[in-house]
file final-v2.tsv (TSV, C-alpha atoms)
chain	number	residue	atom	x	y	z
A	1	MET	CA	-55.32	-57.81	-69.18
A	2	ARG	CA	-52.62	-58.81	-66.76
A	3	THR	CA	-48.98	-58.75	-67.80
A	4	ALA	CA	-45.60	-59.23	-66.22
A	5	GLY	CA	-43.75	-56.02	-65.47
A	6	LEU	CA	-40.23	-54.72	-65.12
A	7	THR	CA	-38.86	-51.97	-62.94
A	8	MET	CA	-37.93	-48.61	-64.41
A	9	ASN	CA	-34.29	-49.02	-63.36
A	10	ASP	CA	-33.98	-52.01	-65.66
A	11	VAL	CA	-31.45	-51.54	-68.47
A	12	TRP	CA	-34.12	-52.23	-71.09
A	13	ALA	CA	-36.15	-49.23	-69.94
A	14	HIS	CA	-33.29	-46.84	-70.76
A	15	ARG	CA	-32.72	-48.54	-74.09
A	16	VAL	CA	-36.39	-48.20	-75.01
A	17	LEU	CA	-36.32	-44.47	-74.20
A	18	ARG	CA	-33.28	-43.96	-76.47
A	19	GLU	CA	-34.67	-45.88	-79.42
A	20	ARG	CA	-36.35	-43.89	-82.20
A	21	GLY	CA	-39.32	-45.05	-84.14
A	22	VAL	CA	-40.55	-47.19	-81.23
A	23	GLU	CA	-44.10	-46.67	-80.05
A	24	THR	CA	-44.12	-45.99	-76.30
A	25	TYR	CA	-46.53	-44.55	-73.78
A	26	ARG	CA	-45.23	-42.81	-70.67
A	27	LEU	CA	-47.58	-42.03	-67.79
A	28	GLU	CA	-46.60	-40.17	-64.59
A	29	GLY	CA	-48.31	-40.08	-61.20
A	30	VAL	CA	-50.66	-42.97	-61.88
A	31	VAL	CA	-52.83	-43.78	-58.85
A	32	ALA	CA	-52.58	-47.48	-58.10
A	33	GLU	CA	-52.76	-50.14	-55.43
A	34	LEU	CA	-49.69	-52.18	-54.61
A	35	GLY	CA	-49.80	-55.86	-53.80
A	36	VAL	CA	-47.08	-56.32	-51.15
A	37	MET	CA	-46.12	-59.64	-49.59
A	38	VAL	CA	-45.55	-58.63	-45.95
A	39	GLU	CA	-42.52	-60.34	-44.44
A	40	SER	CA	-42.13	-58.53	-41.11
A	41	LEU	CA	-44.06	-56.12	-38.92
A	42	ASP	CA	-42.40	-54.35	-35.96
A	43	LEU	CA	-43.79	-52.02	-33.32
A	44	LYS	CA	-41.65	-48.85	-33.17
A	45	HIS	CA	-41.85	-45.50	-31.39
A	46	ARG	CA	-41.25	-41.92	-32.43
A	47	GLY	CA	-38.82	-39.60	-30.70
A	48	LYS	CA	-39.20	-37.61	-27.52
A	49	GLU	CA	-40.55	-34.57	-29.38
A	50	GLU	CA	-43.54	-36.71	-30.49
A	51	ASN	CA	-44.03	-38.20	-27.01
A	52	TYR	CA	-42.78	-41.63	-28.20
A	53	ARG	CA	-45.91	-42.23	-30.27
A	54	PRO	CA	-46.07	-45.87	-31.45
A	55	TYR	CA	-46.25	-46.94	-35.10
A	56	LEU	CA	-45.77	-50.09	-37.18
A	57	HIS	CA	-42.89	-50.65	-39.58
A	58	MET	CA	-43.77	-53.06	-42.36
A	59	THR	CA	-41.30	-54.61	-44.83
A	60	GLY	CA	-42.09	-56.80	-47.82
A	61	GLU	CA	-41.78	-57.40	-51.54
A	62	LEU	CA	-43.75	-55.86	-54.39
A	63	ARG	CA	-45.90	-58.47	-56.17
A	64	SER	CA	-48.35	-56.42	-58.25
A	65	VAL	CA	-49.40	-52.93	-59.35
A	66	THR	CA	-53.08	-52.35	-60.06
A	67	PRO	CA	-53.81	-48.92	-61.61
A	68	ALA	CA	-57.06	-47.17	-60.82
A	69	GLU	CA	-57.69	-46.85	-64.56
A	70	ALA	CA	-56.61	-49.28	-67.24
A	71	LEU	CA	-53.29	-48.61	-68.99
A	72	PRO	CA	-52.86	-48.54	-72.78
A	73	PHE	CA	-53.67	-51.79	-74.55
A	74	GLY	CA	-56.17	-52.66	-71.80
A	75	ILE	CA	-53.57	-53.49	-69.16
A	76	SER	CA	-55.37	-53.76	-65.80
A	77	GLN	CA	-52.59	-55.18	-63.62
A	78	VAL	CA	-48.82	-55.57	-63.70
A	79	THR	CA	-47.42	-58.54	-61.81
A	80	TYR	CA	-43.95	-59.54	-60.56
A	81	SER	CA	-42.59	-62.99	-59.85
A	82	PRO	CA	-41.29	-63.79	-56.33
A	83	GLY	CA	-37.82	-62.34	-55.97
A	84	GLN	CA	-38.26	-59.99	-58.93
A	85	GLY	CA	-40.21	-57.19	-57.25
A	86	GLU	CA	-38.79	-54.20	-55.44
A	87	ARG	CA	-38.39	-54.01	-51.67
A	88	VAL	CA	-41.15	-52.08	-49.90
A	89	ASP	CA	-41.01	-50.26	-46.58
A	90	ALA	CA	-44.23	-48.84	-45.17
A	91	PHE	CA	-45.05	-47.06	-41.90
A	92	TYR	CA	-48.49	-47.43	-40.38
A	93	GLU	CA	-49.62	-44.58	-38.10
A	94	PHE	CA	-52.22	-45.14	-35.38
A	95	ASP	CA	-54.81	-42.46	-34.78
A	96	ASP	CA	-55.86	-41.36	-31.29
A	97	GLN	CA	-58.83	-43.71	-31.13
A	98	GLN	CA	-56.67	-46.67	-32.08
A	99	LEU	CA	-54.17	-45.75	-29.36
A	100	VAL	CA	-56.98	-45.86	-26.82
A	101	VAL	CA	-57.85	-49.35	-28.04
A	102	LEU	CA	-54.22	-50.46	-27.76
A	103	ALA	CA	-53.96	-49.12	-24.21
A	104	GLY	CA	-57.11	-51.02	-23.27
A	105	LYS	CA	-55.60	-54.23	-24.66
A	106	GLY	CA	-52.55	-53.96	-22.44
A	107	TYR	CA	-50.16	-51.87	-24.53
A	108	PHE	CA	-48.22	-50.95	-21.37
A	109	THR	CA	-47.66	-54.58	-20.35
A	110	SER	CA	-44.75	-56.84	-21.19
A	111	GLY	CA	-46.93	-59.41	-22.98
A	112	PHE	CA	-48.11	-56.94	-25.62
A	113	THR	CA	-46.73	-58.10	-29.00
A	114	VAL	CA	-47.43	-57.65	-32.69
A	115	PRO	CA	-49.93	-60.21	-34.04
A	116	GLU	CA	-48.41	-62.89	-36.24
A	117	GLN	CA	-51.45	-63.35	-38.48
A	118	VAL	CA	-50.76	-60.09	-40.33
A	119	THR	CA	-47.43	-61.32	-41.77
A	120	GLY	CA	-46.93	-63.80	-44.58
A	121	ILE	CA	-49.93	-62.44	-46.48
A	122	GLU	CA	-50.35	-59.93	-49.31
A	123	TRP	CA	-51.45	-56.41	-48.41
A	124	GLU	CA	-52.97	-53.84	-50.73
A	125	LEU	CA	-51.35	-50.45	-50.14
A	126	PRO	CA	-52.12	-47.13	-51.90
A	127	ALA	CA	-49.39	-45.45	-53.92
A	128	THR	CA	-48.60	-43.52	-57.10
A	129	ALA	CA	-46.33	-44.70	-59.89
A	130	ASP	CA	-44.71	-43.73	-63.19
A	131	VAL	CA	-45.41	-46.18	-66.01
A	132	LEU	CA	-43.67	-46.75	-69.36
A	133	VAL	CA	-45.51	-48.99	-71.83
A	134	LEU	CA	-43.73	-50.38	-74.89
A	135	ALA	CA	-46.26	-51.22	-77.63
A	136	PRO	CA	-46.03	-54.60	-79.36
A	137	SER	CA	-44.53	-54.72	-82.82
A	138	GLU	CA	-46.70	-53.80	-85.79
A	139	VAL	CA	-46.07	-57.19	-87.27
A	140	GLN	CA	-48.64	-59.57	-85.91
A	141	ILE	CA	-46.62	-62.16	-84.01
A	142	GLU	CA	-48.29	-64.74	-81.84
A	143	GLY	CA	-47.65	-64.11	-78.15
A	144	ASP	CA	-46.33	-60.58	-78.68
A	145	VAL	CA	-47.60	-58.40	-75.80
A	146	PRO	CA	-46.77	-54.91	-74.58
A	147	VAL	CA	-43.93	-54.49	-72.10
A	148	VAL	CA	-44.58	-52.41	-68.96
A	149	PHE	CA	-41.97	-50.68	-66.78
A	150	THR	CA	-43.01	-49.20	-63.42
A	151	GLN	CA	-41.46	-46.93	-60.82
A	152	ILE	CA	-43.26	-46.58	-57.47
A	153	HIS	CA	-43.04	-43.19	-55.72
A	154	GLY	CA	-41.51	-43.40	-52.23
A	155	ILE	CA	-41.37	-47.18	-52.21
A	156	GLY	CA	-38.82	-47.07	-49.40
A	157	GLY	CA	-41.02	-45.01	-47.06
A	158	LEU	CA	-44.73	-45.35	-47.74
A	159	GLU	CA	-46.87	-43.64	-45.08
A	160	ILE	CA	-50.22	-45.30	-44.52
A	161	ASP	CA	-52.96	-45.24	-41.89
A	162	LEU	CA	-56.49	-46.45	-41.29
A	163	GLU	CA	-58.03	-43.91	-43.68
A	164	SER	CA	-55.64	-44.43	-46.61
A	165	SER	CA	-55.21	-48.20	-46.43
A	166	GLY	CA	-58.52	-49.30	-44.93
A	167	TYR	CA	-56.74	-51.62	-42.49
A	168	ASP	CA	-57.61	-51.27	-38.79
A	169	LEU	CA	-54.55	-53.00	-37.39
A	170	ALA	CA	-55.45	-52.15	-33.80
A	171	GLY	CA	-58.17	-54.79	-33.94
A	172	TYR	CA	-55.65	-57.57	-34.70
A	173	PHE	CA	-53.78	-57.15	-31.42
A	174	ALA	CA	-54.65	-59.67	-28.72
A	175	ASP	CA	-55.99	-58.47	-25.36
A	176	GLN	CA	-53.12	-58.75	-22.85
A	177	SER	CA	-54.59	-56.43	-20.21
A	178	ARG	CA	-55.20	-59.31	-17.75
A	179	ASN	CA	-52.31	-61.62	-18.57
A	180	GLY	CA	-49.46	-59.19	-19.08
A	181	VAL	CA	-47.24	-57.56	-16.47
A	182	PRO	CA	-46.74	-53.78	-16.51
A	183	ARG	CA	-43.49	-52.94	-18.27
A	184	ALA	CA	-42.25	-50.88	-15.35
A	185	GLU	CA	-42.42	-54.00	-13.16
A	186	ALA	CA	-41.31	-56.52	-15.75
A	187	VAL	CA	-37.64	-55.87	-15.01
A	188	VAL	CA	-38.16	-56.56	-11.30
A	189	ASP	CA	-37.11	-59.99	-10.08
A	190	ALA	CA	-40.05	-62.35	-9.88
A	191	ARG	CA	-39.33	-62.90	-6.22
A	192	GLY	CA	-39.97	-59.24	-5.53
A	193	LEU	CA	-43.48	-59.49	-6.94
A	194	LYS	CA	-44.62	-61.95	-4.29
A	195	SER	CA	-46.50	-60.37	-1.41
A	196	ARG	CA	-47.23	-61.64	2.09
A	197	SER	CA	-50.14	-60.72	4.29
A	198	ASP	CA	-48.60	-62.22	7.46
A	199	VAL	CA	-45.45	-61.28	9.32
A	200	ILE	CA	-42.26	-62.72	7.86
A	201	ASN	CA	-40.53	-65.06	10.32
A	202	PRO	CA	-36.77	-65.11	9.93
A	203	LEU	CA	-34.98	-68.43	9.67
A	204	PHE	CA	-32.49	-67.57	12.45
A	205	THR	CA	-33.18	-65.58	15.60
A	206	GLU	CA	-31.09	-62.69	16.82
A	207	ASP	CA	-29.71	-64.82	19.67
A	208	GLU	CA	-28.50	-67.44	17.22
A	209	LEU	CA	-26.83	-64.86	15.05
A	210	GLY	CA	-25.41	-62.96	18.02
A	211	LEU	CA	-26.71	-59.68	16.75
A	212	ASP	CA	-27.27	-58.21	20.22
A	213	THR	CA	-23.59	-58.19	21.15
A	214	GLU	CA	-21.86	-58.06	17.78
A	215	THR	CA	-23.91	-55.45	15.93
A	216	LYS	CA	-22.79	-52.48	18.00
A	217	GLN	CA	-19.18	-53.61	17.86
A	218	ALA	CA	-19.27	-54.06	14.12
A	219	VAL	CA	-20.75	-50.61	13.46
A	220	GLY	CA	-18.01	-48.02	13.17
A	221	ALA	CA	-15.17	-50.52	13.65
A	222	PRO	CA	-12.51	-50.22	10.98
A	223	ALA	CA	-11.83	-53.15	8.77
A	224	PRO	CA	-8.91	-55.21	10.05
A	225	GLU	CA	-7.08	-54.95	6.78
A	226	ALA	CA	-7.67	-51.24	6.30
A	227	ALA	CA	-4.79	-50.13	8.59
A	228	PRO	CA	-2.10	-52.35	7.00
A	229	VAL	CA	-3.21	-51.29	3.56
A	230	ALA	CA	-3.09	-47.62	4.54
A	231	ASP	CA	0.35	-48.03	6.14
A	232	GLY	CA	1.63	-49.77	3.06
A	233	MET	CA	0.35	-46.97	0.83
A	234	ASN	CA	1.93	-44.29	3.03
A	235	THR	CA	5.26	-46.12	3.02
A	236	ARG	CA	5.16	-46.41	-0.76
A	237	LEU	CA	4.29	-42.72	-1.13
A	238	ARG	CA	7.22	-41.72	1.07
A	239	GLN	CA	9.54	-43.89	-1.01
A	240	ILE	CA	8.31	-42.25	-4.19
A	241	GLU	CA	8.76	-38.77	-2.71
A	242	ALA	CA	12.31	-39.67	-1.62
A	243	GLU	CA	13.14	-40.98	-5.11
A	244	ILE	CA	11.76	-37.82	-6.73
A	245	ALA	CA	13.77	-35.62	-4.34
A	246	ALA	CA	16.96	-37.60	-5.06
A	247	GLU	CA	16.42	-37.29	-8.81
A	248	ARG	CA	15.83	-33.54	-8.42
A	249	GLU	CA	19.06	-33.09	-6.43
A	250	GLN	CA	21.01	-35.17	-8.95
A	251	TYR	CA	19.63	-33.06	-11.77
A	252	LYS	CA	20.60	-29.83	-10.01
A	253	THR	CA	24.13	-31.17	-9.37
A	254	GLU	CA	24.56	-32.15	-13.02
A	255	ARG	CA	23.34	-28.76	-14.17
A	256	ALA	CA	25.68	-26.96	-11.77
A	257	SER	CA	28.68	-28.97	-12.98
A	258	THR	CA	27.85	-28.51	-16.69
A	259	GLU	CA	29.73	-25.56	-18.14
A	260	GLY	CA	27.59	-22.90	-19.78
A	261	THR	CA	24.36	-23.61	-17.88
A	262	THR	CA	22.61	-21.03	-15.72
A	263	GLU	CA	23.25	-23.07	-12.59
A	264	ASN	CA	26.96	-23.35	-13.39
A	265	LEU	CA	27.31	-19.61	-13.98
A	266	TYR	CA	25.50	-18.87	-10.72
A	267	ARG	CA	27.74	-21.23	-8.75
A	268	GLU	CA	31.00	-19.92	-10.26
A	269	ARG	CA	30.25	-16.20	-10.42
A	270	VAL	CA	27.77	-15.58	-7.63
A	271	ALA	CA	27.80	-18.31	-5.00
A	272	ALA	CA	31.56	-18.82	-4.87
A	273	PRO	CA	32.43	-15.12	-4.30
A	274	LEU	CA	29.77	-14.92	-1.59
A	275	HIS	CA	31.22	-17.92	0.21
A	276	ARG	CA	34.72	-16.42	0.05
A	277	ALA	CA	33.43	-13.10	1.36
A	278	GLU	CA	31.73	-14.81	4.28
A	279	GLU	CA	34.91	-16.69	5.14
A	280	GLN	CA	36.94	-13.47	5.13
A	281	GLU	CA	34.43	-11.63	7.29
A	282	VAL	CA	34.49	-14.25	10.09
A	283	PRO	CA	37.09	-13.05	12.68
A	284	SER	CA	39.93	-15.44	13.34
A	285	ALA	CA	41.02	-16.60	16.79
A	286	SER	CA	44.18	-14.46	16.67
A	287	SER	CA	42.17	-11.27	16.13
A	288	VAL	CA	40.21	-11.75	19.38
A	289	PRO	CA	42.09	-9.92	22.15
A	290	THR	CA	43.17	-11.97	25.12
A	291	ARG	CA	42.41	-11.02	28.67
A	292	GLU	CA	45.92	-9.65	29.14
A	293	ALA	CA	45.76	-7.55	26.00
A	294	GLN	CA	42.32	-6.29	26.95
A	295	ARG	CA	43.62	-5.39	30.36
A	296	ASP	CA	46.54	-3.48	28.80
A	297	LEU	CA	44.18	-1.61	26.49
A	298	ASN	CA	42.08	-0.57	29.40
A	299	LEU	CA	45.17	0.91	31.00
A	300	ASP	CA	46.07	3.12	28.03
A	301	PRO	CA	43.23	5.30	26.65
A	302	ASP	CA	45.14	6.19	23.46
A	303	LEU	CA	45.71	2.55	22.62
A	304	GLU	CA	42.05	1.79	23.31
A	305	GLU	CA	40.90	4.50	20.84
A	306	GLU	CA	43.28	3.26	18.17
A	307	THR	CA	42.05	-0.31	18.68
A	308	ARG	CA	38.48	0.77	18.21
A	309	ARG	CA	39.37	2.37	14.88
A	310	ARG	CA	41.06	-0.84	13.76
A	311	GLU	CA	38.18	-3.10	14.75
A	312	VAL	CA	36.78	-5.34	12.03
A	313	LYS	CA	33.79	-3.93	10.19
A	314	PRO	CA	30.43	-5.43	11.22
A	315	VAL	CA	29.05	-8.39	9.25
A	316	PRO	CA	26.47	-7.19	6.67
A	317	SER	CA	22.84	-8.01	7.36
A	318	LEU	CA	20.65	-10.44	5.35
A	319	ASP	CA	19.05	-7.63	3.32
A	320	GLU	CA	22.47	-6.24	2.40
A	321	ARG	CA	23.58	-9.69	1.22
A	322	LYS	CA	20.44	-10.06	-0.91
A	323	LEU	CA	21.17	-6.67	-2.47
A	324	GLN	CA	24.73	-7.77	-3.25
A	325	VAL	CA	23.48	-11.02	-4.84
A	326	ALA	CA	20.97	-9.08	-6.99
A	327	GLN	CA	23.71	-6.70	-8.17
A	328	ARG	CA	26.01	-9.61	-9.02
A	329	ALA	CA	23.21	-11.38	-10.88
A	330	ALA	CA	22.52	-8.20	-12.89
A	331	ASP	CA	26.22	-7.94	-13.73
A	332	LEU	CA	26.18	-11.61	-14.73
A	333	ASP	CA	23.20	-11.15	-17.10
A	334	PHE	CA	24.92	-8.09	-18.60
A	335	GLY	CA	28.07	-10.07	-19.16
A	336	VAL	CA	26.21	-12.96	-20.80
A	337	ASP	CA	24.42	-10.56	-23.16
A	338	ASP	CA	27.78	-9.00	-24.10
A	339	GLU	CA	29.23	-12.42	-24.83
A	340	GLN	CA	26.29	-13.31	-27.05
A	341	SER	CA	26.53	-10.00	-28.91
A	342	LEU	CA	30.28	-10.46	-29.43
A	343	GLY	CA	29.77	-14.05	-30.53
A	344	SER	CA	27.15	-13.00	-33.10

call {"tool": "encode", "arguments": {"input": "final-v2.tsv", "output": "structure tokens"}}
result
Amino acid sequence: MRTAGLTMNDVWAHRVLRERGVETYRLEGVVAELGVMVESLDLKHRGKEENYRPYLHMTGELRSVTPAEALPFGISQVTYSPGQGERVDAFYEFDDQQLVVLAGKGYFTSGFTVPEQVTGIEWELPATADVLVLAPSEVQIEGDVPVVFTQIHGIGGLEIDLESSGYDLAGYFADQSRNGVPRAEAVVDARGLKSRSDVINPLFTEDELGLDTETKQAVGAPAPEAAPVADGMNTRLRQIEAEIAAEREQYKTERASTEGTTENLYRERVAAPLHRAEEQEVPSASSVPTREAQRDLNLDPDLEEETRRREVKPVPSLDERKLQVAQRAADLDFGVDDEQSLGS
């Protein structure tokens, strides 16, 4: 007996399981064949770890479930109306012998495609299912039949092959070994596939193009616009460097004039005293003896000795000045720390 079926995720299936006093039959792992209306069939490939092995991805709609053995009440098949069945995804694996057949039919050519005659028809695929059968009422009512709910195992990823399904899909592929173009060359422009056995004659000769005299001059010659572009870039870079330097000097000046900053303290307490010391150490014009005074000193040895003792001390060297600056900076840091400790 054939009867219309419902899916196990239907709300009535849960209600039947909760009802008490209702006669039901629940079967699990029933071996069956699925009637699937195939809508699309695509040629796919595995990953790199499986050496990109090809396979077929089939999608369709469940139309019937035929158990290997009859269900209770003599049910031999459960059918579904178009649009009422579940969606089915199946993956067909080729064996090694089938791959050899596909390669011989031009699998590695661009014209190799999936045959169209295997879509739009109903396939019979092996599967297992759970079945819930609701017995008809005890009262004899005309037209009262059992209700069947089904749940297909792995309906979203059925794995099939030649042995399990009985379909040798490699035989449906058309032979494209002579008509197709190798895939590695399919991306090449069609003009590049043409070959010539004779020598190619150019349209213009070298004399007409002036290649004899102009080729050597063109090789290694700089582009006429390269120099102006480079000069313009160098000019712009120099302008940017000048702007950055001006901004840096302006920033230093503002910091030095701002009271309380490190630059201001250095200018007031370190740089200024050093400048004053340098000005004092430079001998004035009046301290330089004139020729007459020098001549008088040479005449009197006692005066010459006394003048030597009164001579201005020598200007300190660069290392001595650096040492003085370091000592003043240390005194400055000590003073700032004292101010902070007193302020706290």

call {"tool": "closest_residue", "arguments": {"input": "final-v2.tsv", "among": "A:Lys44, A:Val30, A:Asp144, A:Asp95", "to": "Thr128 (chain A)", "atoms": "only C-alpha atoms"}}
result
A:Val30

call {"tool": "axis_aligned_box", "arguments": {"input": "final-v2.tsv", "around": "region 49-67 of chain A", "padding_each_side": "4 Å", "output": "lines of an AutoDock Vina configuration file"}}
result
center_x = -47.2
center_y = -46.5
center_z = -44.3
size_x = 21.3
size_y = 31.9
size_z = 42.6

call {"tool": "closest_atom_pairs", "arguments": {"input": "final-v2.tsv", "of": "region 62-179 of chain A", "to": "region 22-27 of chain A", "cutoff": "6 Å", "atoms": "only C-alpha atoms", "output": "CSV"}}
result
residue,atom,partner,partner_atom,distance
A:Asp130,CA,A:Leu27,CA,5.7
A:Val131,CA,A:Leu27,CA,5.0
A:Leu132,CA,A:Arg26,CA,4.4
A:Val133,CA,A:Tyr25,CA,5.0
A:Leu134,CA,A:Thr24,CA,4.6
A:Ala135,CA,A:Glu23,CA,5.6

call {"tool": "closest_residue", "arguments": {"input": "final-v2.tsv", "among": "A:Ser257, A:Gln151, A:Ser164, A:Ser40", "to": "Pro126 (chain A)", "atoms": "all atoms listed in the file"}}
result
A:Ser164

call {"tool": "atom_distance", "arguments": {"input": "final-v2.tsv", "atom1": "CA of Gly60 (chain A)", "atom2": "CA of Glu86 (chain A)"}}
result
8.7 Å

call {"tool": "atom_distance", "arguments": {"input": "final-v2.tsv", "atom1": "CA of Ile121 (chain A)", "atom2": "CA of Leu99 (chain A)"}}
result
24.3 Å

call {"tool": "residues_around", "arguments": {"input": "final-v2.tsv", "residues": "Val100 (chain A)", "least_positions_apart": "5", "cutoff": "12 Å", "atoms": "all atoms listed in the file", "output": "MDAnalysis selection string"}}
result
chainID A and resid 54 94:95 105:108 170:171

call {"tool": "write_last_selection", "arguments": {"input": "final-v2.tsv", "atoms": "C-alpha atoms", "output": "PDB file, keeping the file's coordinate frame"}}
result
ATOM      1  CA  PRO A  54     -46.070 -45.870 -31.450  1.00  0.00           C
ATOM      2  CA  PHE A  94     -52.220 -45.140 -35.380  1.00  0.00           C
ATOM      3  CA  ASP A  95     -54.810 -42.460 -34.780  1.00  0.00           C
ATOM      4  CA  LYS A 105     -55.600 -54.230 -24.660  1.00  0.00           C
ATOM      5  CA  GLY A 106     -52.550 -53.960 -22.440  1.00  0.00           C
ATOM      6  CA  TYR A 107     -50.160 -51.870 -24.530  1.00  0.00           C
ATOM      7  CA  PHE A 108     -48.220 -50.950 -21.370  1.00  0.00           C
ATOM      8  CA  ALA A 170     -55.450 -52.150 -33.800  1.00  0.00           C
ATOM      9  CA  GLY A 171     -58.170 -54.790 -33.940  1.00  0.00           C
TER      10      GLY A 171
END

call {"tool": "atom_distance", "arguments": {"input": "final-v2.tsv", "atom1": "CA of Tyr80 (chain A)", "atom2": "CA of Leu62 (chain A)"}}
result
7.2 Å

call {"tool": "closest_atom_pairs", "arguments": {"input": "final-v2.tsv", "of": "region 81-151 of chain A", "to": "region 64-67 of chain A", "cutoff": "12 Å", "atoms": "all atoms listed in the file", "output": "tab-separated table"}}
result
residue	atom	partner	partner_atom	distance
A:Ser81	CA	A:Ser64	CA	8.9
A:Pro82	CA	A:Ser64	CA	10.4
A:Gln84	CA	A:Ser64	CA	10.7
A:Gly85	CA	A:Ser64	CA	8.2
A:Glu86	CA	A:Ser64	CA	10.2
A:Val88	CA	A:Ser64	CA	11.8
A:Glu122	CA	A:Ser64	CA	9.8
A:Trp123	CA	A:Ser64	CA	10.3
A:Glu124	CA	A:Ser64	CA	9.2
A:Leu125	CA	A:Val65	CA	9.7
A:Pro126	CA	A:Thr66	CA	9.7
A:Ala127	CA	A:Val65	CA	9.2
A:Thr128	CA	A:Pro67	CA	8.8
A:Ala129	CA	A:Pro67	CA	8.8
A:Asp130	CA	A:Pro67	CA	10.6
A:Val131	CA	A:Pro67	CA	9.9
A:Val148	CA	A:Val65	CA	10.8
A:Phe149	CA	A:Val65	CA	10.7
A:Thr150	CA	A:Val65	CA	8.4
A:Gln151	CA	A:Val65	CA	10.1

call {"tool": "closest_residue", "arguments": {"input": "final-v2.tsv", "among": "A:Leu43, A:Val145, A:Ala245, A:Leu274", "to": "Phe173 (chain A)", "atoms": "only C-alpha atoms"}}
result
A:Leu43

call {"tool": "decode", "arguments": {"input": "final-v2.tsv", "residues": "region 81-93 of chain A", "atoms": "N, CA, C and O atoms", "output": "mmCIF file, in the first residue's frame"}}
result
data_model
loop_
_atom_site.group_PDB
_atom_site.id
_atom_site.type_symbol
_atom_site.label_atom_id
_atom_site.label_comp_id
_atom_site.auth_asym_id
_atom_site.auth_seq_id
_atom_site.Cartn_x
_atom_site.Cartn_y
_atom_site.Cartn_z
ATOM 1 N N SER A 81 4.197 15.029 -2.012
ATOM 2 C CA SER A 81 3.794 15.870 -3.137
ATOM 3 C C SER A 81 4.919 16.850 -3.478
ATOM 4 O O SER A 81 5.751 17.189 -2.624
ATOM 5 N N PRO A 82 4.984 17.334 -4.719
ATOM 6 C CA PRO A 82 6.007 18.331 -5.077
ATOM 7 C C PRO A 82 5.936 19.553 -4.171
ATOM 8 O O PRO A 82 4.861 20.126 -3.959
ATOM 9 N N GLY A 83 7.077 19.918 -3.640
ATOM 10 C CA GLY A 83 7.143 21.047 -2.723
ATOM 11 C C GLY A 83 6.940 20.681 -1.272
ATOM 12 O O GLY A 83 7.159 21.523 -0.388
ATOM 13 N N GLN A 84 6.545 19.436 -0.988
ATOM 14 C CA GLN A 84 6.317 18.994 0.382
ATOM 15 C C GLN A 84 7.463 18.153 0.941
ATOM 16 O O GLN A 84 7.559 17.956 2.151
ATOM 17 N N GLY A 85 8.316 17.637 0.070
ATOM 18 C CA GLY A 85 9.414 16.793 0.537
ATOM 19 C C GLY A 85 10.610 17.604 1.023
ATOM 20 O O GLY A 85 10.753 18.803 0.753
ATOM 21 N N GLU A 86 11.475 16.920 1.743
ATOM 22 C CA GLU A 86 12.678 17.584 2.264
ATOM 23 C C GLU A 86 13.711 17.786 1.158
ATOM 24 O O GLU A 86 13.710 17.099 0.147
ATOM 25 N N ARG A 87 14.627 18.756 1.414
ATOM 26 C CA ARG A 87 15.726 18.982 0.481
ATOM 27 C C ARG A 87 16.803 17.922 0.691
ATOM 28 O O ARG A 87 17.108 17.531 1.825
ATOM 29 N N VAL A 88 17.371 17.456 -0.420
ATOM 30 C CA VAL A 88 18.356 16.372 -0.384
ATOM 31 C C VAL A 88 19.657 16.867 -1.022
ATOM 32 O O VAL A 88 19.631 17.478 -2.105
ATOM 33 N N ASP A 89 20.758 16.589 -0.342
ATOM 34 C CA ASP A 89 22.092 16.855 -0.887
ATOM 35 C C ASP A 89 22.864 15.542 -0.867
ATOM 36 O O ASP A 89 22.996 14.916 0.191
ATOM 37 N N ALA A 90 23.377 15.157 -2.010
ATOM 38 C CA ALA A 90 24.133 13.904 -2.113
ATOM 39 C C ALA A 90 25.453 14.173 -2.828
ATOM 40 O O ALA A 90 25.559 15.080 -3.667
ATOM 41 N N PHE A 91 26.470 13.361 -2.496
ATOM 42 C CA PHE A 91 27.812 13.522 -3.050
ATOM 43 C C PHE A 91 28.245 12.186 -3.650
ATOM 44 O O PHE A 91 28.368 11.187 -2.938
ATOM 45 N N TYR A 92 28.463 12.222 -4.957
ATOM 46 C CA TYR A 92 28.812 11.013 -5.696
ATOM 47 C C TYR A 92 30.326 10.964 -5.867
ATOM 48 O O TYR A 92 30.943 11.872 -6.453
ATOM 49 N N GLU A 93 30.949 9.887 -5.395
ATOM 50 C CA GLU A 93 32.394 9.707 -5.463
ATOM 51 C C GLU A 93 32.745 8.772 -6.618
ATOM 52 O O GLU A 93 32.176 7.683 -6.755
#
